[in-house]
Structure formats: structure tokens, C-alpha cells
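Working notes for the structure below.
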Amino acid sequence: HAAARLDQLDVSYGPEERALRVAGSGDVSFGASPLLRAQLAARQLDVDRFFAKDNAAEPVRVLPAMRALLSGIPSAPWPVQVEFSSDQITLGGRPVQDVATEVRAEGAVWTVRKLEFRAPGSTRVSLSGASAQSADTFKAALSVDSTDPDALATWLQGRNDLALRSQKPLRLRGEVDAAPHSVAINAMKAEFDGGAVEGRVAISHPRPGGGARIEADLKSERLDLDAVIVLLRSLGGPQGEWPEEAQLSLDVGRAMSAGQELRPLQARLGYGPKSLTLEHLRIGQPDNVTLEGSGSFDRAAVTGKLALNSSAASLSRLTALINPF
């Protein structure tokens, strides 16, 4: 009357011919505070096949597939706590290895207490301390260590254009705040080849069927802009898939660009489908050369206005500053 032991659990989710199957054991506590605890495992799972049509197991787009998978999980009839592990999960045409997670369900709300896995690009991902704010939102501490962020970005975006490139490690820490139409990384600290940045990055889809919007507020003591641009082009993917709108704030104490030292480099800019606005720009050099500016541009009419202020000991120093741009 108080408890039951489940010696053998077999769980199948999805159409019979391509279902995801796991097995394990568990126990149930009854009474005023009922709880089903289960330990489930699968040596291999094929998520690509799960989403395949006509039994053609083509690689899926990783992030949309994960959203669809999580949104399809049914509500639990009573509180559930599940520990799950898998040696390998095929997702997006690549193996995700050493998956370990612990989740808890209260009705329609699923809370991820822990999630760890090894992703493409020799990447170790960890989510911990997740707390659900509602049925489809949660917050968690995020840790990412990747020796090849190019390969990681290619996998996440469902691209197959990965070529042999020099590996440049990426280490990222932050607090993830996820909702149905947005995801943000707050208190972010990222270290990569060329420097380190901290701040906040958020990506959202504010309108159904509309393009993405990205907001970034970043600070750095020292940054190699050339290395950053290479990394952003890799992570951003094809130009046609870049966000429709963006708002960027950058404050760098010492930046290197095209062999020049810029001290400081500050910028606030934004763009949308119709316009590009440069709210503030300040560039300096160690030899007392400064350049400040602002402006706005109409992308449709290809017209705009740019105002610049500068101080320099000579015109040659000013031209040397702006020539690389």
C-alpha cells in the first residue's frame, strides 16, 4: 500500500517502426506525496530516424528537432523523477555521446536538474541547477568547452560545409534563460583565441514567421577583432541566415585590428530590415588620436548620414587610423 518496485521498465515513444526505446527500473511511492522514480538507459538512440519521413533517416536541424521533441513530451499524471543515460544519440547526422540527464516532472512542468553530453567539435556541454518558471520556460547554469567551435556551429545549424580549419578553442560560462520564442545567456564569460568577453547575448523570434533578433551587450579588456570576426562568421553561418534585426553594444579597453592598437573601442549600433543606426562610436590610439561618430542609414534607399569628430596631432595620424576600415 505504500510503495511498489518496478524491476523492468521498457518505454517506447513514437511510431512503432522508428520509436525511441529505453529500458531500466524504478519504484513508486504512494500516499500523500506520490513519486515515480526511474533509472532509464539506452546504448544508442537515433533521433534522425525518429523524425524521418518515409523511413529516410536524413539528418535533422538540431535546435528545431530538440524543441519539437521536448514540446511533444506528455504531461505526467503524478510527480516523476527520471535519470537517463545513453552512450550515443544520433542527432543532426552526428553522434552526441555520453549523455546523462536528470529531470523531474510536476504535471506539465518538466525541470532539467542536470544535463551533460559530448557534442561534435570535441565539445563538452553541461546544464545544471535548472529551474522551470512555467511549463515552457527555464533557467540554468551553462558550461561549454569546445576545442573546435567551427564544427559545433556547423552541426547546430545543420550545415555540411565543414572544411579542415585550424582549431581555436572556446570556453563559455553563463546563465541560460530560455522561453518558447527566445533564449538568452546572462552573466556570460567567453574565452577564445583572441581574447575574452563578458556580458549578455539574447536571440529571439518576436513575431510568428518573422526573422530572428539578436541583442548583445559585451565588454572586454583586450580583444583581437580579426579573430573575433572569423569566429562570428563561422558561428553565424551563411549570410542569408543571419538575424533580421540586431542591437549591439561593445566596450573594449584595448583592441587589435589590422595590426593597429585601438584604445579604447566603443560602439553602439543596431540594424533592421529598413535601417542601420550608429548611436555611438569612439576609437582611440595610444598617441592621442581619437575618432568619435554617429549616424543613420536607410537600407532601402541606400542613403544615410555620418557625423565624425576627431582630434589628432597631424592629418597623417588620422588617415592611418581610418585607412584599415
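All residue names refer to the C-alpha cells as shown: chains lettered A, B, ... in order, residues numbered from 1 in each chain, ligands numbered from 1 in order.
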**Prompt:** If you count only C-alpha atoms, which residues fall within 10 Å of stretch 252-255 of chain A, apart from same-chain ones fewer than 5 positions away, as an MDAnalysis selection string?
**Reply:** chainID A and resid 194:195 197 218:226 260:267 283:286
Can I get the selected residues back with C-alpha atoms, as a PDB file, in the first residue's frame?
```pdb
ATOM      1  CA  GLY A 194      41.980  36.467 -29.463  1.00  0.00           C
ATOM      2  CA  GLY A 195      40.709  37.446 -26.029  1.00  0.00           C
ATOM      3  CA  VAL A 197      34.379  38.950 -23.430  1.00  0.00           C
ATOM      4  CA  LEU A 218      29.658  42.912 -24.447  1.00  0.00           C
ATOM      5  CA  LYS A 219      32.724  44.188 -22.607  1.00  0.00           C
ATOM      6  CA  SER A 220      36.363  43.196 -22.858  1.00  0.00           C
ATOM      7  CA  GLU A 221      39.709  44.406 -21.537  1.00  0.00           C
ATOM      8  CA  ARG A 222      41.625  43.129 -24.570  1.00  0.00           C
ATOM      9  CA  LEU A 223      40.307  41.784 -27.878  1.00  0.00           C
ATOM     10  CA  ASP A 224      41.681  40.775 -31.281  1.00  0.00           C
ATOM     11  CA  LEU A 225      38.963  41.967 -33.665  1.00  0.00           C
ATOM     12  CA  ASP A 226      40.283  39.975 -36.631  1.00  0.00           C
ATOM     13  CA  GLN A 260      46.762  48.563 -35.126  1.00  0.00           C
ATOM     14  CA  GLU A 261      46.117  49.062 -31.424  1.00  0.00           C
ATOM     15  CA  LEU A 262      42.808  50.802 -30.699  1.00  0.00           C
ATOM     16  CA  ARG A 263      42.414  52.107 -27.156  1.00  0.00           C
ATOM     17  CA  PRO A 264      39.547  52.308 -26.435  1.00  0.00           C
ATOM     18  CA  LEU A 265      36.966  50.921 -28.883  1.00  0.00           C
ATOM     19  CA  GLN A 266      33.350  51.679 -28.028  1.00  0.00           C
ATOM     20  CA  ALA A 267      30.325  51.216 -30.253  1.00  0.00           C
ATOM     21  CA  ILE A 283      38.018  54.911 -31.364  1.00  0.00           C
ATOM     22  CA  GLY A 284      41.318  55.952 -29.840  1.00  0.00           C
ATOM     23  CA  GLN A 285      45.016  55.251 -30.229  1.00  0.00           C
ATOM     24  CA  PRO A 286      47.907  55.472 -27.761  1.00  0.00           C
TER      25      PRO A 286
END
```
**Request:** Fewer than 3 positions away in the same chain doesn't count, so skip those; otherwise give me all residues within 7 Å of A:Leu91, counting only C-alpha atoms, as an NGL selection string.
**Result:** :A and (46-48 or 59-60 or 62 or 94-96)
Selection: 7 Å around A:Ser249, only C-alpha atoms, excl. self and same-chain fewer than 2 positions, as a PDB file with all heavy atoms, in the first residue's frame:
```
ATOM      1  N   ALA A 216      23.159  42.042 -28.040  1.00  0.00           N
ATOM      2  CA  ALA A 216      24.421  41.715 -27.385  1.00  0.00           C
ATOM      3  C   ALA A 216      24.976  42.952 -26.699  1.00  0.00           C
ATOM      4  O   ALA A 216      25.036  44.034 -27.294  1.00  0.00           O
ATOM      5  CB  ALA A 216      25.429  41.180 -28.397  1.00  0.00           C
ATOM      6  N   ASP A 217      25.347  42.782 -25.439  1.00  0.00           N
ATOM      7  CA  ASP A 217      25.977  43.835 -24.662  1.00  0.00           C
ATOM      8  C   ASP A 217      27.268  43.250 -24.109  1.00  0.00           C
ATOM      9  O   ASP A 217      27.252  42.464 -23.160  1.00  0.00           O
ATOM     10  CB  ASP A 217      25.058  44.285 -23.527  1.00  0.00           C
ATOM     11  CG  ASP A 217      25.596  45.509 -22.794  1.00  0.00           C
ATOM     12  OD1 ASP A 217      26.749  45.899 -23.065  1.00  0.00           O
ATOM     13  OD2 ASP A 217      24.881  46.066 -21.944  1.00  0.00           O
ATOM     14  N   LEU A 218      28.400  43.592 -24.724  1.00  0.00           N
ATOM     15  CA  LEU A 218      29.658  42.912 -24.447  1.00  0.00           C
ATOM     16  C   LEU A 218      30.745  43.891 -24.002  1.00  0.00           C
ATOM     17  O   LEU A 218      30.824  45.014 -24.502  1.00  0.00           O
ATOM     18  CB  LEU A 218      30.129  42.160 -25.699  1.00  0.00           C
ATOM     19  CG  LEU A 218      29.133  41.159 -26.302  1.00  0.00           C
ATOM     20  CD1 LEU A 218      29.672  40.608 -27.614  1.00  0.00           C
ATOM     21  CD2 LEU A 218      28.829  40.037 -25.325  1.00  0.00           C
ATOM     22  N   GLN A 247      20.943  44.420 -32.223  1.00  0.00           N
ATOM     23  CA  GLN A 247      21.311  45.564 -31.403  1.00  0.00           C
ATOM     24  C   GLN A 247      22.590  45.183 -30.670  1.00  0.00           C
ATOM     25  O   GLN A 247      22.625  44.198 -29.941  1.00  0.00           O
ATOM     26  CB  GLN A 247      20.205  45.892 -30.401  1.00  0.00           C
ATOM     27  CG  GLN A 247      20.360  47.237 -29.705  1.00  0.00           C
ATOM     28  CD  GLN A 247      20.075  48.409 -30.631  1.00  0.00           C
ATOM     29  OE1 GLN A 247      19.232  48.309 -31.518  1.00  0.00           O
ATOM     30  NE2 GLN A 247      20.776  49.515 -30.432  1.00  0.00           N
ATOM     31  N   ASP A 251      32.226  47.463 -25.711  1.00  0.00           N
ATOM     32  CA  ASP A 251      33.124  48.335 -24.955  1.00  0.00           C
ATOM     33  C   ASP A 251      34.425  47.574 -24.715  1.00  0.00           C
ATOM     34  O   ASP A 251      34.482  46.667 -23.890  1.00  0.00           O
ATOM     35  CB  ASP A 251      32.476  48.728 -23.622  1.00  0.00           C
ATOM     36  CG  ASP A 251      33.306  49.771 -22.857  1.00  0.00           C
ATOM     37  OD1 ASP A 251      34.447  50.032 -23.272  1.00  0.00           O
ATOM     38  OD2 ASP A 251      32.800  50.300 -21.854  1.00  0.00           O
ATOM     39  N   ALA A 267      31.308  51.092 -29.173  1.00  0.00           N
ATOM     40  CA  ALA A 267      30.325  51.216 -30.253  1.00  0.00           C
ATOM     41  C   ALA A 267      28.955  50.766 -29.777  1.00  0.00           C
ATOM     42  O   ALA A 267      28.841  49.800 -29.018  1.00  0.00           O
ATOM     43  CB  ALA A 267      30.754  50.391 -31.468  1.00  0.00           C
ATOM     44  N   ARG A 268      27.933  51.472 -30.207  1.00  0.00           N
ATOM     45  CA  ARG A 268      26.534  51.071 -30.025  1.00  0.00           C
ATOM     46  C   ARG A 268      25.852  51.217 -31.377  1.00  0.00           C
ATOM     47  O   ARG A 268      25.803  52.320 -31.931  1.00  0.00           O
ATOM     48  CB  ARG A 268      25.826  51.929 -28.980  1.00  0.00           C
ATOM     49  CG  ARG A 268      26.272  51.679 -27.556  1.00  0.00           C
ATOM     50  CD  ARG A 268      25.258  52.245 -26.544  1.00  0.00           C
ATOM     51  NE  ARG A 268      24.952  53.625 -26.825  1.00  0.00           N
ATOM     52  CZ  ARG A 268      25.640  54.666 -26.353  1.00  0.00           C
ATOM     53  NH1 ARG A 268      26.713  54.452 -25.588  1.00  0.00           N
ATOM     54  NH2 ARG A 268      25.290  55.897 -26.642  1.00  0.00           N
ATOM     55  N   LEU A 269      25.378  50.127 -31.910  1.00  0.00           N
ATOM     56  CA  LEU A 269      24.754  50.178 -33.230  1.00  0.00           C
ATOM     57  C   LEU A 269      23.609  49.164 -33.309  1.00  0.00           C
ATOM     58  O   LEU A 269      23.532  48.218 -32.527  1.00  0.00           O
ATOM     59  CB  LEU A 269      25.780  49.905 -34.326  1.00  0.00           C
ATOM     60  CG  LEU A 269      26.501  48.558 -34.315  1.00  0.00           C
ATOM     61  CD1 LEU A 269      25.775  47.540 -35.194  1.00  0.00           C
ATOM     62  CD2 LEU A 269      27.936  48.717 -34.803  1.00  0.00           C
TER      63      LEU A 269
END
```
**Request:** Per DSSP on the backbone, filter stretch 94-321 of chain A down to the residues in strand (DSSP E or B) and report them as an MDAnalysis selection string.
**Result:** chainID A and resid 94:106 109:119 123:134 137:146 170:179 182:192 195:204 213:224 245:257 260:262 265:271 275:285 289:298 303:311
**All helix (DSSP H, G or I) positions in stretch 123-323 of chain A, as a ChimeraX atom specification** = /A:149-156,225-236,239-241,315-322
Selected residues written out, N, CA, C and O atoms, as a short mmCIF file (atom, residue, chain, number, x, y, z; two decimals), in the first residue's frame:
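Now in out-v2.cif:
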```
data_model
loop_
_atom_site.label_atom_id
_atom_site.label_comp_id
_atom_site.auth_asym_id
_atom_site.auth_seq_id
_atom_site.Cartn_x
_atom_site.Cartn_y
_atom_site.Cartn_z
N PRO A 149 34.99 25.10 -32.16
CA PRO A 149 33.66 25.72 -32.26
C PRO A 149 33.14 25.79 -33.68
O PRO A 149 31.92 25.86 -33.88
N ASP A 150 34.01 25.76 -34.70
CA ASP A 150 33.54 25.73 -36.09
C ASP A 150 32.69 24.48 -36.34
O ASP A 150 31.61 24.54 -36.93
N ALA A 151 33.19 23.32 -35.90
CA ALA A 151 32.45 22.07 -36.08
C ALA A 151 31.16 22.08 -35.28
O ALA A 151 30.13 21.58 -35.73
N LEU A 152 31.18 22.66 -34.08
CA LEU A 152 29.98 22.74 -33.26
C LEU A 152 28.91 23.59 -33.93
O LEU A 152 27.74 23.20 -34.00
N ALA A 153 29.29 24.76 -34.46
CA ALA A 153 28.34 25.64 -35.12
C ALA A 153 27.77 25.00 -36.38
O ALA A 153 26.58 25.12 -36.67
N THR A 154 28.62 24.32 -37.14
CA THR A 154 28.16 23.65 -38.36
C THR A 154 27.10 22.61 -38.04
O THR A 154 26.08 22.49 -38.72
N TRP A 155 27.31 21.85 -36.96
CA TRP A 155 26.35 20.82 -36.54
C TRP A 155 25.03 21.46 -36.08
O TRP A 155 23.95 21.02 -36.49
N LEU A 156 25.10 22.50 -35.25
CA LEU A 156 23.90 23.14 -34.72
C LEU A 156 23.05 23.74 -35.84
O LEU A 156 21.81 23.73 -35.76
N LEU A 225 40.17 41.86 -32.84
CA LEU A 225 38.96 41.97 -33.66
C LEU A 225 39.01 41.05 -34.88
O LEU A 225 37.97 40.52 -35.31
N ASP A 226 40.19 40.85 -35.47
CA ASP A 226 40.28 39.97 -36.63
C ASP A 226 39.89 38.55 -36.26
O ASP A 226 39.17 37.86 -37.00
N ALA A 227 40.34 38.06 -35.09
CA ALA A 227 39.99 36.71 -34.63
C ALA A 227 38.51 36.63 -34.32
O ALA A 227 37.86 35.61 -34.59
N VAL A 228 37.94 37.70 -33.75
CA VAL A 228 36.51 37.71 -33.42
C VAL A 228 35.66 37.62 -34.68
O VAL A 228 34.67 36.90 -34.73
N ILE A 229 36.04 38.36 -35.72
CA ILE A 229 35.27 38.36 -36.97
C ILE A 229 35.27 36.96 -37.59
O ILE A 229 34.25 36.48 -38.09
N VAL A 230 36.43 36.29 -37.57
CA VAL A 230 36.50 34.93 -38.10
C VAL A 230 35.56 34.01 -37.32
O VAL A 230 34.83 33.19 -37.90
N LEU A 231 35.56 34.13 -35.97
CA LEU A 231 34.70 33.29 -35.15
C LEU A 231 33.23 33.58 -35.41
O LEU A 231 32.42 32.66 -35.56
N LEU A 232 32.86 34.87 -35.52
CA LEU A 232 31.46 35.22 -35.75
C LEU A 232 30.97 34.75 -37.11
O LEU A 232 29.83 34.32 -37.25
N ARG A 233 31.82 34.82 -38.12
CA ARG A 233 31.41 34.33 -39.44
C ARG A 233 31.15 32.83 -39.41
O ARG A 233 30.24 32.33 -40.07
N SER A 234 31.95 32.11 -38.64
CA SER A 234 31.75 30.67 -38.52
C SER A 234 30.46 30.37 -37.76
O SER A 234 29.64 29.55 -38.19
N LEU A 235 30.26 31.05 -36.61
CA LEU A 235 29.08 30.78 -35.80
C LEU A 235 27.81 31.30 -36.47
O LEU A 235 26.74 30.74 -36.29
N GLY A 236 27.94 32.39 -37.24
CA GLY A 236 26.77 32.98 -37.86
C GLY A 236 26.23 32.20 -39.03
O GLY A 236 25.06 32.28 -39.36
N GLN A 239 25.37 34.08 -44.86
CA GLN A 239 24.89 35.44 -44.68
C GLN A 239 23.37 35.51 -44.72
O GLN A 239 22.75 36.29 -43.99
N GLY A 240 22.73 34.70 -45.59
CA GLY A 240 21.28 34.73 -45.71
C GLY A 240 20.56 34.26 -44.47
O GLY A 240 19.37 34.50 -44.31
N GLU A 241 21.26 33.58 -43.53
CA GLU A 241 20.62 33.10 -42.32
C GLU A 241 20.94 33.97 -41.11
O GLU A 241 20.60 33.64 -39.98
N LEU A 315 47.36 65.19 -39.78
CA LEU A 315 46.41 64.52 -40.66
C LEU A 315 46.86 63.10 -40.97
O LEU A 315 46.03 62.19 -41.14
N SER A 316 48.16 62.86 -41.03
CA SER A 316 48.66 61.53 -41.35
C SER A 316 48.28 60.51 -40.28
O SER A 316 47.98 59.35 -40.58
N ARG A 317 48.25 60.94 -39.01
CA ARG A 317 47.86 60.03 -37.94
C ARG A 317 46.37 59.66 -38.06
O ARG A 317 45.97 58.54 -37.79
N LEU A 318 45.57 60.63 -38.46
CA LEU A 318 44.14 60.37 -38.63
C LEU A 318 43.90 59.40 -39.79
O LEU A 318 43.13 58.45 -39.67
N THR A 319 44.56 59.65 -40.92
CA THR A 319 44.38 58.75 -42.06
C THR A 319 44.89 57.36 -41.78
O THR A 319 44.35 56.37 -42.24
N ALA A 320 45.95 57.24 -40.96
CA ALA A 320 46.46 55.93 -40.59
C ALA A 320 45.45 55.17 -39.75
O ALA A 320 45.35 53.94 -39.80
N LEU A 321 44.66 55.93 -38.94
CA LEU A 321 43.65 55.29 -38.09
C LEU A 321 42.50 54.75 -38.91
O LEU A 321 42.03 53.61 -38.71
N ILE A 322 42.00 55.52 -39.88
CA ILE A 322 40.80 55.11 -40.61
C ILE A 322 41.10 54.27 -41.85
O ILE A 322 40.20 53.62 -42.39
#
```
**Request:** Figure out the distance between atom CA of A:Leu36 and atom CA of A:Glu102, please, to one decimal in Å.
**Result:** 13.3 Å
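Atom CA of A:Ile185 sits 5.7 Å away from atom CA of A:Arg200.
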**Asked** Can you list, as a list in words, every protein, DNA or RNA residue that comes within 12 Å of A:Arg67 when you count only C-alpha atoms, leaving out same-chain residues fewer than 5 positions away?
**Response**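 Counting only the stated atoms, we get Val60, Arg61, Val62, Gly72, Ile73, Asp136, Thr137, Ala178, Ala179, Pro180, His181 and Ser182 of chain A.
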Could the residues in this selection be written to a file with N, CA, C and O atoms, as a short mmCIF file (atom, residue, chain, number, x, y, z; two decimals), in the first residue's frame?
```
data_model
loop_
_atom_site.label_atom_id
_atom_site.label_comp_id
_atom_site.auth_asym_id
_atom_site.auth_seq_id
_atom_site.Cartn_x
_atom_site.Cartn_y
_atom_site.Cartn_z
N VAL A 60 18.51 15.87 -39.20
CA VAL A 60 17.55 16.91 -38.89
C VAL A 60 18.30 18.18 -38.46
O VAL A 60 19.48 18.14 -38.14
N ARG A 61 17.60 19.30 -38.47
CA ARG A 61 18.15 20.53 -37.90
C ARG A 61 18.08 20.39 -36.38
O ARG A 61 17.02 20.16 -35.81
N VAL A 62 19.20 20.56 -35.72
CA VAL A 62 19.32 20.17 -34.32
C VAL A 62 18.37 20.93 -33.41
O VAL A 62 17.57 20.33 -32.68
N GLY A 72 6.69 17.72 -27.38
CA GLY A 72 5.80 16.58 -27.55
C GLY A 72 5.71 15.66 -26.36
O GLY A 72 4.88 14.74 -26.33
N ILE A 73 6.56 15.87 -25.34
CA ILE A 73 6.52 15.01 -24.16
C ILE A 73 5.22 15.26 -23.40
O ILE A 73 4.89 16.40 -23.08
N ASP A 136 6.94 25.96 -20.13
CA ASP A 136 7.83 26.01 -21.29
C ASP A 136 8.95 27.02 -21.14
O ASP A 136 9.49 27.51 -22.12
N THR A 137 9.33 27.37 -19.92
CA THR A 137 10.47 28.25 -19.68
C THR A 137 11.34 27.66 -18.58
O THR A 137 10.85 26.97 -17.69
N ALA A 178 15.66 30.46 -21.00
CA ALA A 178 15.00 30.00 -22.23
C ALA A 178 13.49 30.13 -22.12
O ALA A 178 12.90 29.86 -21.07
N ALA A 179 12.87 30.56 -23.21
CA ALA A 179 11.42 30.68 -23.33
C ALA A 179 11.03 30.19 -24.72
O ALA A 179 11.91 29.92 -25.56
N PRO A 180 9.73 30.04 -25.01
CA PRO A 180 9.32 29.49 -26.31
C PRO A 180 9.88 30.23 -27.52
O PRO A 180 10.21 29.61 -28.52
N HIS A 181 10.01 31.55 -27.43
CA HIS A 181 10.44 32.32 -28.60
C HIS A 181 11.76 33.05 -28.37
O HIS A 181 12.11 33.95 -29.15
N SER A 182 12.50 32.69 -27.33
CA SER A 182 13.75 33.39 -27.07
C SER A 182 14.67 32.55 -26.20
O SER A 182 14.22 31.67 -25.47
#
```
**One-decimal distance in Å that lies between atom CA of A:Leu278 and atom CA of A:Arg299** =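 Separation of atom CA of A:Arg299 and atom CA of A:Leu278: 13.1 Å.
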**Asked** Closest to A:His1 among A:Ala32, A:Ala301, A:Ala68, A:Ala130, using only C-alpha atoms?
**Response** A:Ala32
**Request:** Would you mind listing what lies within 8 Å of A:Pro243 as a list of chain:residue names, with only C-alpha atoms counted and same-chain residues fewer than 2 positions away left out?
**Result:**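 What passes the distance filter is A:Gly211, A:Ala212, A:Arg213, A:Ile214, A:Glu241, A:Glu245, A:Ala246.
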